[in-house]
$ cat upload-v7.csv   # CSV, C-alpha atoms and all ligand atoms
chain,number,residue,atom,x,y,z
O,1,MET,CA,-12.0,-16.2,-5.5
O,2,LEU,CA,-9.1,-16.1,-3.2
O,3,GLN,CA,-9.6,-18.4,-0.2
O,4,LEU,CA,-8.9,-16.8,3.2
O,5,ASP,CA,-6.9,-19.4,5.1
O,6,ASP,CA,-5.6,-19.3,8.7
O,7,ASN,CA,-2.3,-18.0,7.5
O,8,HIS,CA,-4.0,-15.0,5.9
O,9,LEU,CA,-6.0,-14.4,9.0
O,10,ARG,CA,-2.9,-14.3,11.1
O,11,GLN,CA,-1.3,-11.9,8.7
O,12,ILE,CA,-4.3,-9.6,8.8
O,13,GLN,CA,-4.3,-9.7,12.6
O,14,ALA,CA,-0.6,-8.9,12.7
O,15,ALA,CA,-0.8,-6.2,10.1
O,16,LYS,CA,-3.7,-4.7,12.1
O,17,ALA,CA,-1.3,-4.5,15.1
O,18,GLY,CA,1.1,-2.6,12.9
O,19,ASN,CA,3.4,-5.4,11.8
O,20,ARG,CA,5.0,-4.2,8.5
O,21,GLU,CA,6.3,-7.6,7.5
O,22,ALA,CA,2.8,-9.1,7.8
O,23,PHE,CA,1.3,-6.3,5.8
O,24,ALA,CA,3.9,-6.8,3.1
O,25,GLN,CA,2.9,-10.4,2.9
O,26,LEU,CA,-0.8,-9.4,2.6
O,27,VAL,CA,0.1,-7.1,-0.3
O,28,ARG,CA,2.0,-10.0,-2.0
O,29,SER,CA,-1.1,-12.3,-1.5
O,30,TYR,CA,-3.8,-9.9,-2.7
O,31,LYS,CA,-2.1,-7.5,-5.2
O,32,ASP,CA,-3.2,-9.7,-8.2
O,33,PHE,CA,-6.7,-10.0,-6.9
O,34,VAL,CA,-7.0,-6.2,-6.6
O,35,TYR,CA,-5.2,-5.6,-9.9
O,36,ARG,CA,-7.7,-7.8,-11.8
O,37,THR,CA,-10.7,-5.9,-10.4
O,38,ALA,CA,-9.1,-2.6,-11.2
O,39,TYR,CA,-8.0,-3.6,-14.7
O,40,ALA,CA,-11.3,-5.2,-15.6
O,41,ILE,CA,-13.1,-2.0,-14.6
O,42,LEU,CA,-10.6,0.5,-16.1
O,43,HIS,CA,-9.2,-1.4,-19.0
O,44,ASP,CA,-5.9,0.3,-18.5
O,45,GLY,CA,-2.7,-1.2,-17.0
O,46,ALA,CA,-1.2,2.0,-15.6
O,47,GLU,CA,-4.4,3.2,-14.0
O,48,ALA,CA,-5.0,-0.3,-12.6
O,49,GLU,CA,-1.5,-0.2,-11.0
O,50,ASP,CA,-2.3,3.2,-9.4
O,51,VAL,CA,-5.5,1.7,-8.0
O,52,VAL,CA,-3.6,-1.2,-6.4
O,53,GLN,CA,-1.2,1.2,-4.8
O,54,GLU,CA,-3.8,3.6,-3.5
O,55,SER,CA,-6.0,0.7,-2.3
O,56,PHE,CA,-3.3,-0.8,-0.2
O,57,VAL,CA,-2.0,2.4,1.3
O,58,LYS,CA,-5.6,3.3,2.2
O,59,ALA,CA,-6.1,-0.2,3.6
O,60,PHE,CA,-3.1,0.0,5.8
O,61,LEU,CA,-4.1,3.4,7.1
O,62,SER,CA,-7.6,2.2,8.0
O,63,LEU,CA,-6.9,-1.4,8.9
O,64,ARG,CA,-7.9,-0.8,12.5
O,65,SER,CA,-11.5,0.0,11.3
O,66,LEU,CA,-11.8,-3.6,9.9
O,67,ARG,CA,-13.6,-5.4,12.7
O,68,ASP,CA,-13.9,-8.9,11.2
O,69,GLU,CA,-10.6,-10.1,9.7
O,70,ARG,CA,-12.5,-12.6,7.5
O,71,ALA,CA,-14.1,-9.7,5.6
O,72,PHE,CA,-10.7,-8.6,4.4
O,73,PRO,CA,-11.1,-9.7,0.7
O,74,SER,CA,-14.4,-8.0,0.3
O,75,TRP,CA,-13.1,-5.0,2.3
O,76,ILE,CA,-10.1,-4.5,0.1
O,77,SER,CA,-12.3,-5.1,-3.0
O,78,THR,CA,-14.7,-2.4,-1.8
O,79,ILE,CA,-11.8,0.1,-1.5
O,80,ALA,CA,-10.4,-0.8,-4.9
O,81,THR,CA,-13.7,-0.8,-6.7
O,82,ARG,CA,-14.7,2.6,-5.4
O,83,ILE,CA,-11.3,4.1,-6.3
O,84,ALA,CA,-11.6,2.5,-9.8
O,85,LEU,CA,-15.2,3.8,-10.3
O,86,ASP,CA,-14.0,7.3,-9.1
O,87,ILE,CA,-11.4,7.3,-11.8
O,88,VAL,CA,-14.0,6.3,-14.4
O,89,LYS,CA,-16.2,9.1,-13.2
O,90,ARG,CA,-13.4,11.6,-13.4
O,91,ARG,CA,-12.5,10.4,-16.9
O,92,GLN,CA,-16.1,11.1,-18.0
O,93,VAL,CA,-16.1,14.6,-16.6
O,94,SER,CA,-12.7,15.8,-17.6
O,95,TRP,CA,-12.0,14.2,-21.0
O,96,ALA,CA,-13.3,11.9,-23.6
O,97,PRO,CA,-12.3,8.2,-23.0
O,98,VAL,CA,-8.8,7.4,-24.0
O,99,SER,CA,-8.7,5.6,-27.3
O,100,ASN,CA,-7.7,1.9,-27.2
O,101,SER,CA,-4.4,2.5,-28.9
O,102,GLU,CA,-3.3,5.0,-26.2
O,103,ARG,CA,-4.0,2.7,-23.3
O,104,LEU,CA,-1.3,0.6,-21.7
O,105,PRO,CA,-2.3,-3.0,-22.3
O,106,ALA,CA,-1.8,-5.6,-19.6
O,107,PRO,CA,0.9,-8.2,-20.5
O,108,SER,CA,-1.1,-11.2,-21.5
O,109,VAL,CA,-0.8,-14.8,-22.7
O,110,ASN,CA,-4.0,-15.1,-24.6
O,111,SER,CA,-4.2,-11.5,-25.7
O,112,ASP,CA,-6.6,-11.9,-28.7
O,113,LEU,CA,-9.3,-13.4,-26.5
O,114,ARG,CA,-8.7,-10.8,-23.9
O,115,LEU,CA,-8.8,-7.9,-26.3
O,116,ASP,CA,-12.2,-9.1,-27.6
O,117,MET,CA,-13.4,-9.4,-24.0
O,118,GLU,CA,-12.0,-6.0,-23.0
O,119,ALA,CA,-13.6,-4.3,-26.0
O,120,ALA,CA,-16.9,-5.9,-25.2
O,121,LEU,CA,-16.6,-4.9,-21.5
O,122,ALA,CA,-15.7,-1.4,-22.5
O,123,GLN,CA,-19.0,-1.0,-24.1
O,124,LEU,CA,-20.8,-1.6,-20.8
O,125,SER,CA,-21.6,1.2,-18.4
O,126,PRO,CA,-19.1,1.4,-15.5
O,127,GLU,CA,-21.9,0.3,-13.1
O,128,HIS,CA,-22.7,-2.8,-15.2
O,129,ARG,CA,-19.0,-3.6,-15.6
O,130,ALA,CA,-18.3,-3.3,-11.9
O,131,VAL,CA,-21.1,-5.8,-11.0
O,132,LEU,CA,-19.9,-8.2,-13.7
O,133,VAL,CA,-16.3,-8.0,-12.6
O,134,LEU,CA,-17.1,-8.5,-8.9
O,135,ARG,CA,-19.2,-11.5,-9.8
O,136,GLU,CA,-17.2,-13.2,-12.5
O,137,VAL,CA,-13.6,-12.2,-11.8
O,138,GLN,CA,-13.7,-12.0,-8.0
O,139,GLY,CA,-16.4,-14.5,-7.3
O,140,PHE,CA,-18.4,-12.5,-4.8
O,141,ASP,CA,-22.0,-13.4,-4.2
O,142,TYR,CA,-24.9,-11.0,-4.7
O,143,ARG,CA,-25.0,-10.0,-1.0
O,144,GLU,CA,-21.3,-9.1,-1.0
O,145,ILE,CA,-21.6,-7.2,-4.3
O,146,ALA,CA,-24.6,-5.3,-2.9
O,147,ASP,CA,-22.5,-4.3,0.1
O,148,ILE,CA,-19.4,-3.4,-1.9
O,149,LEU,CA,-21.3,-1.1,-4.3
O,150,GLY,CA,-23.9,0.1,-1.8
O,151,ILE,CA,-26.9,-1.0,-3.9
O,152,PRO,CA,-29.9,-3.4,-3.2
O,153,ILE,CA,-29.5,-7.1,-4.0
O,154,GLY,CA,-32.3,-6.8,-6.7
O,155,THR,CA,-30.2,-4.2,-8.5
O,156,VAL,CA,-27.2,-6.5,-8.5
O,157,ARG,CA,-29.3,-9.2,-10.0
O,158,SER,CA,-30.8,-7.1,-12.8
O,159,ARG,CA,-27.5,-5.3,-13.6
O,160,LEU,CA,-25.8,-8.6,-13.8
O,161,HIS,CA,-28.4,-9.9,-16.2
O,162,THR,CA,-28.4,-6.8,-18.4
O,163,ALA,CA,-24.6,-6.9,-18.5
O,164,ARG,CA,-24.6,-10.5,-19.6
O,165,MET,CA,-27.2,-10.0,-22.3
O,166,GLN,CA,-25.2,-7.0,-23.7
O,167,LEU,CA,-22.0,-8.9,-23.6
O,168,ARG,CA,-23.6,-11.9,-25.3
O,169,LEU,CA,-24.6,-9.7,-28.3
O,170,ARG,CA,-21.1,-8.3,-28.6
O,171,LEU,CA,-19.1,-11.4,-28.1
O,172,LEU,CA,-21.0,-14.4,-29.4
O,173,PRO,CA,-22.0,-15.2,-33.0
O,174,PRO,CA,-25.8,-15.5,-33.3
O,175,GLU,CA,-25.8,-19.3,-33.2
O,176,GLN,CA,-24.1,-19.3,-29.8
O,177,ARG,CA,-26.2,-16.7,-28.1
O,178,GLY,CA,-28.9,-19.0,-26.9
O,179,GLU,CA,-31.5,-16.6,-28.3
O,180,PRO,CA,-35.0,-17.2,-26.9
O,181,GLN,CA,-37.4,-17.8,-29.8
J,1,MET,CA,-44.3,-16.5,-17.4
J,2,THR,CA,-42.7,-16.0,-20.8
J,3,CYS,CA,-39.2,-17.0,-21.7
J,4,GLU,CA,-38.1,-13.3,-21.8
J,5,ASP,CA,-39.4,-12.9,-18.3
J,6,MET,CA,-37.4,-16.0,-17.3
J,7,SER,CA,-34.1,-14.6,-18.5
J,8,GLU,CA,-33.2,-12.7,-15.4
J,9,TRP,CA,-34.2,-15.6,-13.2
J,10,ILE,CA,-32.0,-18.0,-15.2
J,11,SER,CA,-29.0,-15.6,-14.8
J,12,ALA,CA,-29.5,-15.7,-11.0
J,13,TYR,CA,-30.2,-19.5,-11.2
J,14,VAL,CA,-26.8,-20.1,-12.8
J,15,ASP,CA,-25.2,-18.0,-10.0
J,16,GLY,CA,-27.0,-20.2,-7.4
J,17,GLU,CA,-28.7,-17.1,-6.0
J,18,LEU,CA,-32.3,-18.2,-6.0
J,19,ARG,CA,-34.5,-19.3,-3.1
J,20,GLU,CA,-35.6,-22.9,-3.1
J,21,ALA,CA,-39.1,-22.1,-4.5
J,22,GLU,CA,-37.7,-20.0,-7.3
J,23,ARG,CA,-35.1,-22.5,-8.1
J,24,VAL,CA,-37.7,-25.3,-8.4
J,25,MET,CA,-39.7,-23.0,-10.8
J,26,VAL,CA,-36.8,-22.3,-13.0
J,27,ARG,CA,-35.6,-25.9,-13.1
J,28,GLU,CA,-39.2,-26.9,-14.1
J,29,HIS,CA,-39.1,-24.4,-17.0
J,30,LEU,CA,-35.7,-25.4,-18.2
J,31,HIS,CA,-36.8,-29.0,-18.3
J,32,HIS,CA,-39.5,-28.1,-20.8
J,33,CYS,CA,-37.9,-25.2,-22.7
J,34,GLU,CA,-35.0,-25.9,-25.1
J,35,SER,CA,-34.2,-22.2,-25.9
J,36,CYS,CA,-33.9,-21.3,-22.1
J,37,ARG,CA,-31.6,-24.3,-21.6
J,38,GLU,CA,-29.4,-22.8,-24.4
J,39,LEU,CA,-29.5,-19.4,-22.6
J,40,ALA,CA,-28.5,-21.0,-19.3
J,41,LYS,CA,-25.6,-22.8,-21.0
J,42,MET,CA,-24.6,-19.5,-22.7
J,43,PHE,CA,-24.5,-17.7,-19.2
J,44,GLU,CA,-22.3,-20.4,-17.9
J,45,SER,CA,-19.8,-20.3,-20.7
J,46,LEU,CA,-19.8,-16.5,-20.6
J,47,SER,CA,-18.9,-16.7,-16.9
J,48,ALA,CA,-16.1,-19.2,-17.6
J,49,ARG,CA,-14.8,-17.0,-20.4
J,50,ILE,CA,-14.7,-13.8,-18.4
J,51,GLU,CA,-13.0,-15.6,-15.5
J,52,SER,CA,-10.3,-17.2,-17.7
J,53,THR,CA,-9.7,-13.9,-19.5
J,54,PHE,CA,-8.6,-12.2,-16.3
J,55,MET,CA,-7.3,-15.0,-14.2
J,56,ASP,CA,-3.8,-15.0,-15.6
J,57,LEU,CA,-3.5,-11.3,-15.1
J,58,SER,CA,-1.1,-10.2,-12.4
J,59,ALA,CA,0.0,-6.9,-11.0
J,60,PRO,CA,3.4,-5.5,-12.2
J,61,PRO,CA,6.1,-6.6,-9.7
J,62,ALA,CA,7.1,-3.0,-9.0
J,63,VAL,CA,3.8,-2.3,-7.3
J,64,GLU,CA,4.9,-3.8,-4.0
J,65,ALA,CA,7.9,-1.6,-3.6
J,66,ALA,CA,5.8,1.4,-4.7
J,67,ILE,CA,3.3,0.7,-1.9
J,68,MET,CA,6.1,0.4,0.7
J,69,GLN,CA,7.6,3.6,-0.6
J,70,GLN,CA,4.3,5.4,-0.3
J,71,LEU,CA,3.9,4.2,3.3
J,72,GLY,CA,7.4,5.5,4.0
J,73,TRP,CA,8.9,2.1,4.5
J,74,GLY,CA,10.8,2.1,1.2
J,75,ARG,CA,14.5,1.5,0.8
J,76,GLN,CA,15.1,5.2,0.3
J,77,ALA,CA,13.1,6.2,3.3
J,78,THR,CA,14.9,3.6,5.4
J,79,GLN,CA,18.3,4.7,4.1
J,80,GLY,CA,17.4,8.3,4.9
J,81,LEU,CA,16.6,7.2,8.5
J,82,ARG,CA,20.0,5.4,8.7
J,83,LEU,CA,21.8,8.5,7.4
J,84,ILE,CA,20.1,10.6,10.1
J,85,TRP,CA,21.3,8.1,12.8
J,86,VAL,CA,24.8,8.1,11.4
J,87,VAL,CA,24.9,11.9,11.6
J,88,VAL,CA,23.5,11.9,15.1
J,89,CYS,CA,26.1,9.3,16.2
J,90,SER,CA,29.0,11.1,14.7
J,91,ALA,CA,27.9,14.4,16.3
J,92,ALA,CA,27.5,12.7,19.7
J,93,LEU,CA,30.9,11.1,19.3
J,94,MET,CA,32.6,14.4,18.4
J,95,MET,CA,30.9,16.1,21.2
J,96,ALA,CA,32.1,13.5,23.7
J,97,LEU,CA,35.6,13.8,22.5
J,98,ALA,CA,35.5,17.6,22.5
J,99,VAL,CA,33.9,17.9,25.9
J,100,GLY,CA,36.1,15.2,27.4
J,101,GLY,CA,39.3,16.6,25.9
J,102,GLY,CA,38.4,20.2,26.8
J,103,LEU,CA,37.5,19.3,30.4
J,104,ALA,CA,40.6,17.2,30.8
J,105,MET,CA,42.8,20.0,29.5
J,106,GLY,CA,40.9,22.6,31.6
J,107,VAL,CA,41.1,20.6,34.8
J,108,GLY,CA,44.8,19.8,34.2
J,109,GLY,CA,45.5,23.5,33.4
J,110,CYS,CA,43.7,24.7,36.5
J,111,TRP,CA,45.4,22.1,38.7
J,112,ARG,CA,48.8,23.2,37.4
J,113,LEU,CA,47.9,26.9,37.8
J,114,PHE,CA,46.8,26.3,41.4
J,115,ARG,CA,50.0,24.4,42.1
J,116,ILE,CA,52.0,27.3,40.8
J,117,LEU,CA,49.9,29.8,42.8
J,118,SER,CA,50.1,27.7,45.9
J,119,HIS,CA,53.9,27.4,45.4
J,120,MET,CA,54.0,31.2,45.2
J,121,LEU,CA,51.8,31.7,48.2
J,122,ARG,CA,54.0,29.1,50.1
J,123,GLY,CA,51.8,27.5,52.6
J,124,ALA,CA,49.0,30.1,52.8
J,125,ASN,CA,45.8,28.1,52.8
J,126,LEU,CA,47.6,25.4,50.8
J,127,LEU,CA,45.9,22.7,52.8
J,128,VAL,CA,42.4,24.0,51.9
J,129,ILE,CA,43.2,24.3,48.2
J,130,ARG,CA,44.7,20.8,48.2
J,131,THR,CA,41.8,19.3,50.0
J,132,VAL,CA,39.3,20.8,47.4
J,133,PHE,CA,41.2,20.1,44.2
J,134,GLY,CA,43.3,17.2,45.2
J,135,GLN,CA,40.3,14.9,45.1
J,136,GLY,CA,40.1,15.3,41.4
J,137,TRP,CA,36.3,16.1,41.5
J,138,LEU,CA,36.4,17.9,38.2
J,139,GLY,CA,38.3,15.1,36.6
J,140,LEU,CA,35.8,12.6,37.8
J,141,ALA,CA,32.9,14.7,36.5
J,142,ALA,CA,34.6,14.9,33.1
J,143,MET,CA,35.1,11.2,33.1
J,144,LEU,CA,31.4,10.5,33.9
J,145,LEU,CA,30.2,12.9,31.3
J,146,GLY,CA,32.5,11.3,28.7
J,147,MET,CA,31.2,7.8,29.7
J,148,GLY,CA,27.6,9.1,29.3
J,149,MET,CA,28.4,10.3,25.8
J,150,VAL,CA,29.9,6.9,25.0
J,151,VAL,CA,26.8,5.1,26.2
J,152,ILE,CA,24.6,7.3,24.0
J,153,CYS,CA,26.9,6.6,21.1
J,154,VAL,CA,26.8,2.8,21.6
J,155,VAL,CA,22.9,2.9,21.8
J,156,ALA,CA,22.7,5.0,18.7
J,157,ILE,CA,25.1,2.7,16.8
J,158,GLY,CA,23.0,-0.2,17.9
J,159,ARG,CA,20.0,1.4,16.4
J,160,VAL,CA,21.8,2.0,13.1
J,161,LEU,CA,22.8,-1.7,13.0
J,162,ARG,CA,19.2,-2.8,13.6
J,163,GLN,CA,17.9,-0.8,10.7
J,164,PRO,CA,18.8,-3.3,7.9
J,165,LEU,CA,16.3,-5.8,9.5
J,166,ASP,CA,13.4,-3.4,8.7
J,167,SER,CA,14.7,-2.5,5.3
J,168,ARG,CA,14.2,-6.2,4.2
J,169,LEU,CA,10.6,-5.2,3.7
J,170,SER,CA,11.4,-2.9,0.9
J,171,SER,CA,13.4,-5.5,-1.1
J,172,PRO,CA,11.3,-7.2,-3.7
O,201,ZN,ZN,-38.1,-20.7,-22.0
$ encode --input "upload-v7.csv" --output "structure tokens" --more "lines below"
Ligand SMILES: [Zn+2]
Amino acid sequence: MLQLDDNHLRQIQAAKAGNREAFAQLVRSYKDFVYRTAYAILHDGAEAEDVVQESFVKAFLSLRSLRDERAFPSWISTIATRIALDIVKRRQVSWAPVSNSERLPAPSVNSDLRLDMEAALAQLSPEHRAVLVLREVQGFDYREIADILGIPIGTVRSRLHTARMQLRLRLLPPEQRGEPQ
Amino acid sequence: MTCEDMSEWISAYVDGELREAERVMVREHLHHCESCRELAKMFESLSARIESTFMDLSAPPAVEAAIMQQLGWGRQATQGLRLIWVVVCSAALMMALAVGGGLAMGVGGCWRLFRILSHMLRGANLLVIRTVFGQGWLGLAAMLLGMGMVVICVVAIGRVLRQPLDSRLSSP
């Protein structure tokens, strides 16, 4: 997870006071962090980019409501996760999920491994995927995930476990699953 | 507790999210149970794999400029603002020249007219007219007005020149 150092803290404070340069620096520091969350949930590069844009615009407009500057990473993650989950919900209502071939893939170094992982993640429900992404990609602890998604800690724990068990079945060959006898 | 019941605890154990008593219990079970140890190892490697899958992912570079654009700080927005200032400055400058020139001509014309009139009237009330217009009050007023316009222009041009500092934000 992205460490919040003193430099970031100063930038957040300055951005809160309306300093554009400081806010631009924050965007630069956190855009990849936000993009990963959005991409892992949405599995679509163009939509993930939209989420990054919308998240930062929203963040700037409501930055004053952020009391504790140290909470900035989980605060911006909350905004991005909610926007991404809204898109997933809208997708389910309005049309059938886009087929993999139509989606804009993210540029990637180890694309084979990623495609396997993305295909496996795509099989999870959005709720399970979001918990898993917040934990494994962003490194939030259970308390933070519970706050971001507005669910009890026990639910975070059980969803994370279910997601891992499902992913295991889809990703790993039987001998690597660590199957309980 | 069966191994299947243990599974969720082990997932939380790997995340370091158990209380001390629970942690001791799970550790005890793992010590005796080979298959649960395998499960714990699997959870760990799965976490590492998910993390490494997304860690090298970065947002497209254009996203920064797009955000600035949406906030109205983009290059285009800044240039629009500069254009407005240039138009305002030009208008103020033209007005200053027109008003200054017009007044100067008007005052000069009036003065000449009064000189001709006073010449014709020969002495009648000439002293009064000369006292009023001879001071050049109107000329002074025109000059002050012109100077005011020039000050406005200088301030406005100063603002135009400061704009490029802000526009640095929008450059990638
Ligand atoms: Zn066991």
$ residues_around --input "upload-v7.csv" --residues "Pro126 of chain O" --least-positions-apart "3" --cutoff "9 Å" --atoms "all atoms listed in the file" --output "JSON, numbers by chain"
{"O": [41, 42, 85, 88, 89, 122, 123, 129, 130, 131]}
$ interface_residues --input "upload-v7.csv" --of "chain J" --to "chain O" --cutoff "10 Å" --atoms "all atoms listed in the file" --output "ChimeraX atom specification"
/J:2-4,6-12,15-17,33-43,46-71,73,166,168-170,172
$ residues_near_point --input "upload-v7.csv" --point "(-20.5, -7.8, 3.6)" --cutoff "7 Å" --atoms "only C-alpha atoms" --output "ChimeraX atom specification"
/O:71,74,143-144,147
$ atom_distance --input "upload-v7.csv" --atom1 "atom CA of Ala59 of chain O" --atom2 "atom CA of Thr78 of chain O"
10.4 Å
$ atom_distance --input "upload-v7.csv" --atom1 "atom CA of Ser62 of chain O" --atom2 "atom CA of Asp5 of chain O"
21.8 Å
$ atom_distance --input "upload-v7.csv" --atom1 "atom CA of Ser45 of chain J" --atom2 "atom CA of Ser77 of chain O"
24.5 Å
$ closest_residue --input "upload-v7.csv" --among "J:Leu103, J:Val26, J:Leu117, J:Val14" --to "ligand ZN 201 (chain O)" --atoms "all atoms listed in the file"
J:Val26
$ decode --input "upload-v7.csv" --residues "segment 5-13 of chain J" --atoms "all heavy atoms" --output "compact mmCIF listing (two decimals), in the first residue's frame"
# COMPACT_ATOMS: atom_id res chain seq x y z
N ASP J 5 -14.24 -25.87 9.15
CA ASP J 5 -14.57 -24.72 10.00
C ASP J 5 -13.36 -23.81 10.18
O ASP J 5 -13.48 -22.59 10.32
CB ASP J 5 -15.01 -25.20 11.40
CG ASP J 5 -16.30 -26.00 11.34
OD1 ASP J 5 -17.11 -25.75 10.42
OD2 ASP J 5 -16.49 -26.89 12.19
N MET J 6 -12.17 -24.41 10.16
CA MET J 6 -10.93 -23.66 10.36
C MET J 6 -10.63 -22.70 9.20
O MET J 6 -9.97 -21.69 9.39
CB MET J 6 -9.74 -24.63 10.44
CG MET J 6 -9.37 -25.18 11.81
SD MET J 6 -9.63 -24.06 13.12
CE MET J 6 -8.00 -23.57 13.48
N SER J 7 -11.09 -23.08 8.02
CA SER J 7 -10.69 -22.39 6.79
C SER J 7 -10.79 -20.86 6.87
O SER J 7 -9.84 -20.14 6.53
CB SER J 7 -11.53 -22.94 5.64
OG SER J 7 -11.14 -22.36 4.44
N GLU J 8 -11.94 -20.35 7.33
CA GLU J 8 -12.10 -18.89 7.40
C GLU J 8 -11.14 -18.28 8.41
O GLU J 8 -10.62 -17.17 8.20
CB GLU J 8 -13.55 -18.52 7.74
CG GLU J 8 -13.82 -17.03 7.58
CD GLU J 8 -15.26 -16.64 7.86
OE1 GLU J 8 -16.18 -17.35 7.39
OE2 GLU J 8 -15.46 -15.63 8.57
N TRP J 9 -10.92 -18.97 9.52
CA TRP J 9 -9.97 -18.47 10.53
C TRP J 9 -8.57 -18.39 9.94
O TRP J 9 -7.81 -17.47 10.22
CB TRP J 9 -9.94 -19.44 11.73
CG TRP J 9 -11.22 -19.47 12.51
CD1 TRP J 9 -12.35 -20.14 12.18
CD2 TRP J 9 -11.47 -18.80 13.74
NE1 TRP J 9 -13.32 -19.95 13.15
CE2 TRP J 9 -12.80 -19.13 14.12
CE3 TRP J 9 -10.71 -17.97 14.57
CZ2 TRP J 9 -13.38 -18.64 15.29
CZ3 TRP J 9 -11.29 -17.50 15.73
CH2 TRP J 9 -12.62 -17.82 16.08
N ILE J 10 -8.23 -19.41 9.14
CA ILE J 10 -6.88 -19.44 8.55
C ILE J 10 -6.69 -18.27 7.59
O ILE J 10 -5.64 -17.62 7.57
CB ILE J 10 -6.62 -20.79 7.84
CG1 ILE J 10 -6.62 -21.91 8.87
CG2 ILE J 10 -5.30 -20.78 7.08
CD1 ILE J 10 -6.59 -23.30 8.30
N SER J 11 -7.74 -17.99 6.81
CA SER J 11 -7.69 -16.84 5.90
C SER J 11 -7.43 -15.55 6.67
O SER J 11 -6.59 -14.72 6.27
CB SER J 11 -9.02 -16.77 5.12
OG SER J 11 -9.20 -15.52 4.53
N ALA J 12 -8.12 -15.37 7.79
CA ALA J 12 -7.91 -14.16 8.61
C ALA J 12 -6.56 -14.21 9.33
O ALA J 12 -5.92 -13.17 9.53
CB ALA J 12 -9.04 -14.03 9.62
N TYR J 13 -6.12 -15.40 9.67
CA TYR J 13 -4.80 -15.58 10.33
C TYR J 13 -3.69 -15.11 9.40
O TYR J 13 -2.77 -14.40 9.81
CB TYR J 13 -4.63 -17.07 10.67
CG TYR J 13 -3.29 -17.45 11.24
CD1 TYR J 13 -3.00 -17.25 12.60
CD2 TYR J 13 -2.30 -18.02 10.43
CE1 TYR J 13 -1.77 -17.61 13.12
CE2 TYR J 13 -1.06 -18.38 10.94
CZ TYR J 13 -0.80 -18.17 12.28
OH TYR J 13 0.42 -18.53 12.80
